[in-house]
Amino acid sequence: MSDDYLSKPLSLTPTTGHDEPRPMRSNVTSASTTFGAPISPYLNYDPRFLQQAQPEFIFPEGATKQRGRFELAFSQIGSSVMIGAGIGGVAGFYNGMRTTKALQQTGKLWRTQMLNHVMKQGSGTANTLGTLAVMYSGFGVLLQAVRGEDDDINTVVAGTATGLLYKSTAGLRKCAFGGAVGLGISGLYCVLQMARANAASNGL
């Protein structure tokens, strides 16, 4: 902008001289025609930057692309509660049908008894499986924090400790039986996981 233009008086009328608006930048024009979709000239960006070509989750270099035990604990506890409620509800419905049929109950009394059986047994089973899931997840998270690793040893130890703790108030024999059940279930789970990994590595 020259000094002569600054020395001219301000005028509100449109000028008819040689002063013409400067053309828009060429990169705006090219950006507005990219992929055939016109965009505003004030949005000077490349639409290719909006494409989600990268993975949604970013992991550190060398980290395993899987969730830890703390992240899995929430889904495990919720799933256990829902599965327990479903199993208990079905069992309660079956027991309610047997009880009401034996007592020859009908009408409102039959509906009340059925609801009582389904709700009582469903909530009890959901509470049991939810408690076991909380214990198992707690032991798993603690072992991972102490050992610094997440492997099958944590799974087996957490399952055994869960069985021992859950039956710890029922006497020494039942406590040992609970630990043996936890050890068997967790060991079977590890064996199935190893078999699946071997099958996947062999391309089966």
# chains A, B, ... in the order shown; residues from 1 in each chain; ligands from 1
>>> residues_around(residues="range 80-94 of chain A", least_positions_apart="5", cutoff="9 Å", atoms="only C-alpha atoms", output="list in words")
Ser75, Thr99, Met114, Leu115, Asn116, His117, Val118, Met119, Lys120, Gln121, Gly122, Ser123, Gly124, Thr125, Ala126, Asn127, Thr128, Leu129, Gly130, Thr131, Leu132 and Ala133 of chain A
>>> write_last_selection(atoms="all heavy atoms", output="compact mmCIF listing (two decimals), in the first residue's frame")
# COMPACT_ATOMS: atom_id res chain seq x y z
N SER A 75 -15.96 -54.66 32.90
CA SER A 75 -16.80 -55.50 32.04
C SER A 75 -17.00 -56.88 32.66
O SER A 75 -18.08 -57.47 32.52
CB SER A 75 -16.17 -55.63 30.65
OG SER A 75 -14.87 -56.21 30.73
N THR A 99 -43.58 -74.98 42.43
CA THR A 99 -44.21 -74.72 43.72
C THR A 99 -45.68 -74.35 43.56
O THR A 99 -46.55 -74.87 44.28
CB THR A 99 -43.46 -73.58 44.44
OG1 THR A 99 -42.09 -73.94 44.60
CG2 THR A 99 -44.08 -73.32 45.80
N MET A 114 -44.77 -66.23 41.60
CA MET A 114 -43.80 -66.31 40.51
C MET A 114 -42.82 -65.15 40.57
O MET A 114 -41.60 -65.32 40.40
CB MET A 114 -44.52 -66.33 39.17
CG MET A 114 -45.29 -67.62 38.91
SD MET A 114 -44.22 -69.07 38.81
CE MET A 114 -43.25 -68.65 37.38
N LEU A 115 -43.32 -63.94 40.79
CA LEU A 115 -42.43 -62.77 40.90
C LEU A 115 -41.48 -62.91 42.08
O LEU A 115 -40.30 -62.55 41.98
CB LEU A 115 -43.26 -61.50 41.04
CG LEU A 115 -43.97 -61.01 39.77
CD1 LEU A 115 -44.86 -59.82 40.08
CD2 LEU A 115 -42.95 -60.65 38.70
N ASN A 116 -41.98 -63.42 43.18
CA ASN A 116 -41.12 -63.60 44.35
C ASN A 116 -39.99 -64.59 44.06
O ASN A 116 -38.83 -64.34 44.42
CB ASN A 116 -41.94 -64.08 45.54
CG ASN A 116 -42.86 -63.00 46.08
OD1 ASN A 116 -42.62 -61.81 45.87
ND2 ASN A 116 -43.92 -63.41 46.77
N HIS A 117 -40.32 -65.70 43.43
CA HIS A 117 -39.29 -66.69 43.12
C HIS A 117 -38.26 -66.15 42.13
O HIS A 117 -37.04 -66.33 42.31
CB HIS A 117 -39.94 -67.96 42.55
CG HIS A 117 -40.51 -68.87 43.60
ND1 HIS A 117 -41.78 -68.70 44.12
CD2 HIS A 117 -39.97 -69.96 44.23
CE1 HIS A 117 -42.00 -69.65 45.01
NE2 HIS A 117 -40.93 -70.42 45.11
N VAL A 118 -38.72 -65.50 41.08
CA VAL A 118 -37.81 -65.00 40.05
C VAL A 118 -36.90 -63.90 40.61
O VAL A 118 -35.67 -63.92 40.42
CB VAL A 118 -38.60 -64.49 38.83
CG1 VAL A 118 -37.67 -63.76 37.86
CG2 VAL A 118 -39.29 -65.65 38.13
N MET A 119 -37.48 -62.94 41.31
CA MET A 119 -36.69 -61.82 41.83
C MET A 119 -35.74 -62.27 42.93
O MET A 119 -34.58 -61.84 42.97
CB MET A 119 -37.62 -60.73 42.36
CG MET A 119 -38.51 -60.11 41.29
SD MET A 119 -37.57 -59.29 39.98
CE MET A 119 -36.81 -57.96 40.91
N LYS A 120 -36.21 -63.14 43.81
CA LYS A 120 -35.35 -63.56 44.93
C LYS A 120 -34.17 -64.38 44.45
O LYS A 120 -33.02 -64.10 44.81
CB LYS A 120 -36.19 -64.35 45.93
CG LYS A 120 -35.41 -64.77 47.16
CD LYS A 120 -36.30 -65.50 48.17
CE LYS A 120 -35.52 -65.90 49.40
NZ LYS A 120 -36.38 -66.61 50.39
N GLN A 121 -34.43 -65.39 43.62
CA GLN A 121 -33.33 -66.24 43.17
C GLN A 121 -32.46 -65.52 42.15
O GLN A 121 -31.23 -65.72 42.11
CB GLN A 121 -33.88 -67.53 42.57
CG GLN A 121 -32.84 -68.62 42.40
CD GLN A 121 -33.45 -70.00 42.38
OE1 GLN A 121 -34.66 -70.15 42.61
NE2 GLN A 121 -32.64 -71.02 42.14
N GLY A 122 -33.04 -64.66 41.32
CA GLY A 122 -32.23 -63.90 40.36
C GLY A 122 -31.28 -62.94 41.05
O GLY A 122 -30.10 -62.86 40.69
N SER A 123 -31.78 -62.21 42.05
CA SER A 123 -30.90 -61.27 42.76
C SER A 123 -29.84 -61.99 43.57
O SER A 123 -28.69 -61.53 43.67
CB SER A 123 -31.75 -60.38 43.67
OG SER A 123 -32.44 -61.16 44.63
N GLY A 124 -30.20 -63.15 44.15
CA GLY A 124 -29.21 -63.89 44.93
C GLY A 124 -28.07 -64.43 44.07
O GLY A 124 -26.89 -64.32 44.44
N THR A 125 -28.41 -64.99 42.92
CA THR A 125 -27.37 -65.50 42.02
C THR A 125 -26.53 -64.37 41.45
O THR A 125 -25.30 -64.50 41.31
CB THR A 125 -28.00 -66.32 40.89
OG1 THR A 125 -28.89 -67.28 41.43
CG2 THR A 125 -26.93 -67.02 40.07
N ALA A 126 -27.16 -63.25 41.11
CA ALA A 126 -26.41 -62.10 40.60
C ALA A 126 -25.46 -61.56 41.66
O ALA A 126 -24.31 -61.18 41.35
CB ALA A 126 -27.38 -61.00 40.15
N ASN A 127 -25.90 -61.54 42.91
CA ASN A 127 -25.04 -61.06 43.99
C ASN A 127 -23.84 -61.99 44.19
O ASN A 127 -22.71 -61.54 44.40
CB ASN A 127 -25.86 -60.97 45.28
CG ASN A 127 -25.08 -60.33 46.42
OD1 ASN A 127 -24.12 -59.60 46.19
ND2 ASN A 127 -25.49 -60.61 47.64
N THR A 128 -24.08 -63.30 44.08
CA THR A 128 -23.00 -64.26 44.26
C THR A 128 -21.94 -64.14 43.17
O THR A 128 -20.74 -64.03 43.45
CB THR A 128 -23.57 -65.69 44.28
OG1 THR A 128 -24.50 -65.82 45.35
CG2 THR A 128 -22.45 -66.71 44.45
N LEU A 129 -22.38 -64.16 41.91
CA LEU A 129 -21.42 -64.05 40.81
C LEU A 129 -20.75 -62.68 40.78
O LEU A 129 -19.56 -62.58 40.44
CB LEU A 129 -22.12 -64.32 39.49
CG LEU A 129 -22.60 -65.76 39.26
CD1 LEU A 129 -23.17 -65.93 37.86
CD2 LEU A 129 -21.47 -66.76 39.47
N GLY A 130 -21.47 -61.63 41.13
CA GLY A 130 -20.86 -60.31 41.19
C GLY A 130 -19.78 -60.22 42.26
O GLY A 130 -18.72 -59.62 42.05
N THR A 131 -20.04 -60.83 43.41
CA THR A 131 -19.03 -60.85 44.48
C THR A 131 -17.79 -61.61 44.07
O THR A 131 -16.65 -61.18 44.31
CB THR A 131 -19.64 -61.46 45.75
OG1 THR A 131 -20.80 -60.73 46.14
CG2 THR A 131 -18.64 -61.46 46.89
N LEU A 132 -17.99 -62.76 43.42
CA LEU A 132 -16.84 -63.54 42.93
C LEU A 132 -16.04 -62.76 41.89
O LEU A 132 -14.81 -62.79 41.89
CB LEU A 132 -17.33 -64.86 42.33
CG LEU A 132 -17.90 -65.88 43.32
CD1 LEU A 132 -18.50 -67.06 42.57
CD2 LEU A 132 -16.83 -66.35 44.30
N ALA A 133 -16.74 -62.04 41.02
CA ALA A 133 -16.04 -61.25 40.00
C ALA A 133 -15.25 -60.11 40.62
O ALA A 133 -14.14 -59.80 40.18
CB ALA A 133 -17.05 -60.70 38.98
>>> closest_residue(among="A:Gln144, A:Thr160, A:Asn95, A:Ser168", to="Val181 in chain A", atoms="only C-alpha atoms")
A:Thr160
>>> closest_residue(among="A:Ala102, A:Leu109, A:Met135, A:Ala197", to="Gln76 in chain A", atoms="only C-alpha atoms")
A:Met135
>>> select_by_dssp(residues="range 58-156 of chain A", states="alpha helix (DSSP H)", output="mmCIF file with C-alpha atoms, in the first residue's frame")
data_model
loop_
_atom_site.group_PDB
_atom_site.id
_atom_site.type_symbol
_atom_site.label_atom_id
_atom_site.label_comp_id
_atom_site.auth_asym_id
_atom_site.auth_seq_id
_atom_site.Cartn_x
_atom_site.Cartn_y
_atom_site.Cartn_z
ATOM 1 C CA ARG A 69 -6.892 -56.213 34.208
ATOM 2 C CA PHE A 70 -8.150 -52.950 35.657
ATOM 3 C CA GLU A 71 -9.908 -52.046 32.417
ATOM 4 C CA LEU A 72 -11.288 -55.576 32.057
ATOM 5 C CA ALA A 73 -12.541 -55.617 35.646
ATOM 6 C CA PHE A 74 -15.517 -53.363 34.888
ATOM 7 C CA SER A 75 -16.796 -55.499 32.040
ATOM 8 C CA GLN A 76 -16.146 -58.720 33.977
ATOM 9 C CA ILE A 77 -18.072 -57.553 37.022
ATOM 10 C CA GLY A 78 -20.990 -56.226 34.985
ATOM 11 C CA SER A 79 -21.158 -59.340 32.830
ATOM 12 C CA SER A 80 -21.075 -61.595 35.883
ATOM 13 C CA VAL A 81 -23.950 -59.726 37.504
ATOM 14 C CA MET A 82 -26.053 -59.869 34.336
ATOM 15 C CA ILE A 83 -25.326 -63.569 33.759
ATOM 16 C CA GLY A 84 -26.123 -64.341 37.393
ATOM 17 C CA ALA A 85 -29.402 -62.457 37.177
ATOM 18 C CA GLY A 86 -30.351 -64.362 34.023
ATOM 19 C CA ILE A 87 -29.446 -67.789 35.400
ATOM 20 C CA GLY A 88 -31.103 -67.091 38.737
ATOM 21 C CA GLY A 89 -34.216 -65.724 37.053
ATOM 22 C CA VAL A 90 -34.618 -68.842 34.922
ATOM 23 C CA ALA A 91 -34.052 -71.117 37.920
ATOM 24 C CA GLY A 92 -36.488 -69.091 40.008
ATOM 25 C CA PHE A 93 -39.111 -69.284 37.275
ATOM 26 C CA TYR A 94 -38.732 -73.074 37.133
ATOM 27 C CA ASN A 95 -38.943 -73.444 40.908
ATOM 28 C CA GLY A 96 -41.900 -71.097 41.027
ATOM 29 C CA MET A 97 -43.772 -73.131 38.445
ATOM 30 C CA ARG A 98 -43.186 -76.306 40.429
ATOM 31 C CA THR A 99 -44.209 -74.717 43.721
ATOM 32 C CA THR A 100 -47.374 -73.044 42.442
ATOM 33 C CA LYS A 101 -48.402 -76.194 40.596
ATOM 34 C CA ALA A 102 -47.954 -78.299 43.711
ATOM 35 C CA LEU A 103 -50.004 -75.832 45.767
ATOM 36 C CA GLY A 107 -54.680 -65.838 39.600
ATOM 37 C CA LYS A 108 -53.054 -63.036 41.550
ATOM 38 C CA LEU A 109 -51.565 -65.407 44.093
ATOM 39 C CA TRP A 110 -49.821 -67.314 41.278
ATOM 40 C CA ARG A 111 -48.354 -64.110 39.791
ATOM 41 C CA THR A 112 -47.157 -62.923 43.188
ATOM 42 C CA GLN A 113 -45.438 -66.220 43.940
ATOM 43 C CA MET A 114 -43.798 -66.310 40.514
ATOM 44 C CA LEU A 115 -42.432 -62.773 40.896
ATOM 45 C CA ASN A 116 -41.116 -63.602 44.351
ATOM 46 C CA HIS A 117 -39.286 -66.695 43.118
ATOM 47 C CA VAL A 118 -37.805 -64.999 40.047
ATOM 48 C CA MET A 119 -36.693 -61.822 41.828
ATOM 49 C CA LYS A 120 -35.355 -63.559 44.926
ATOM 50 C CA GLN A 121 -33.333 -66.242 43.167
ATOM 51 C CA GLY A 122 -32.229 -63.901 40.364
ATOM 52 C CA SER A 123 -30.898 -61.270 42.756
ATOM 53 C CA GLY A 124 -29.206 -63.891 44.935
ATOM 54 C CA THR A 125 -27.366 -65.499 42.023
ATOM 55 C CA ALA A 126 -26.406 -62.101 40.602
ATOM 56 C CA ASN A 127 -25.037 -61.063 43.994
ATOM 57 C CA THR A 128 -22.997 -64.263 44.259
ATOM 58 C CA LEU A 129 -21.417 -64.051 40.812
ATOM 59 C CA GLY A 130 -20.855 -60.310 41.186
ATOM 60 C CA THR A 131 -19.031 -60.845 44.481
ATOM 61 C CA LEU A 132 -16.842 -63.540 42.934
ATOM 62 C CA ALA A 133 -16.041 -61.253 39.997
ATOM 63 C CA VAL A 134 -15.078 -58.388 42.328
ATOM 64 C CA MET A 135 -12.779 -60.681 44.325
ATOM 65 C CA TYR A 136 -11.173 -62.158 41.220
ATOM 66 C CA SER A 137 -10.665 -58.750 39.587
ATOM 67 C CA GLY A 138 -9.226 -57.318 42.790
ATOM 68 C CA PHE A 139 -6.709 -60.137 43.147
ATOM 69 C CA GLY A 140 -5.815 -59.886 39.454
ATOM 70 C CA VAL A 141 -5.188 -56.144 39.594
ATOM 71 C CA LEU A 142 -3.140 -56.518 42.797
ATOM 72 C CA LEU A 143 -0.987 -59.294 41.343
ATOM 73 C CA GLN A 144 -0.384 -57.332 38.161
ATOM 74 C CA ALA A 145 0.696 -54.301 40.174
ATOM 75 C CA VAL A 146 3.012 -56.341 42.404
ATOM 76 C CA ARG A 147 4.574 -58.587 39.760
ATOM 77 C CA ASP A 152 -1.448 -67.048 33.305
ATOM 78 C CA ILE A 153 0.163 -67.165 36.734
ATOM 79 C CA ASN A 154 -1.898 -64.166 37.819
ATOM 80 C CA THR A 155 -5.036 -65.835 36.499
ATOM 81 C CA VAL A 156 -4.458 -69.102 38.369
#
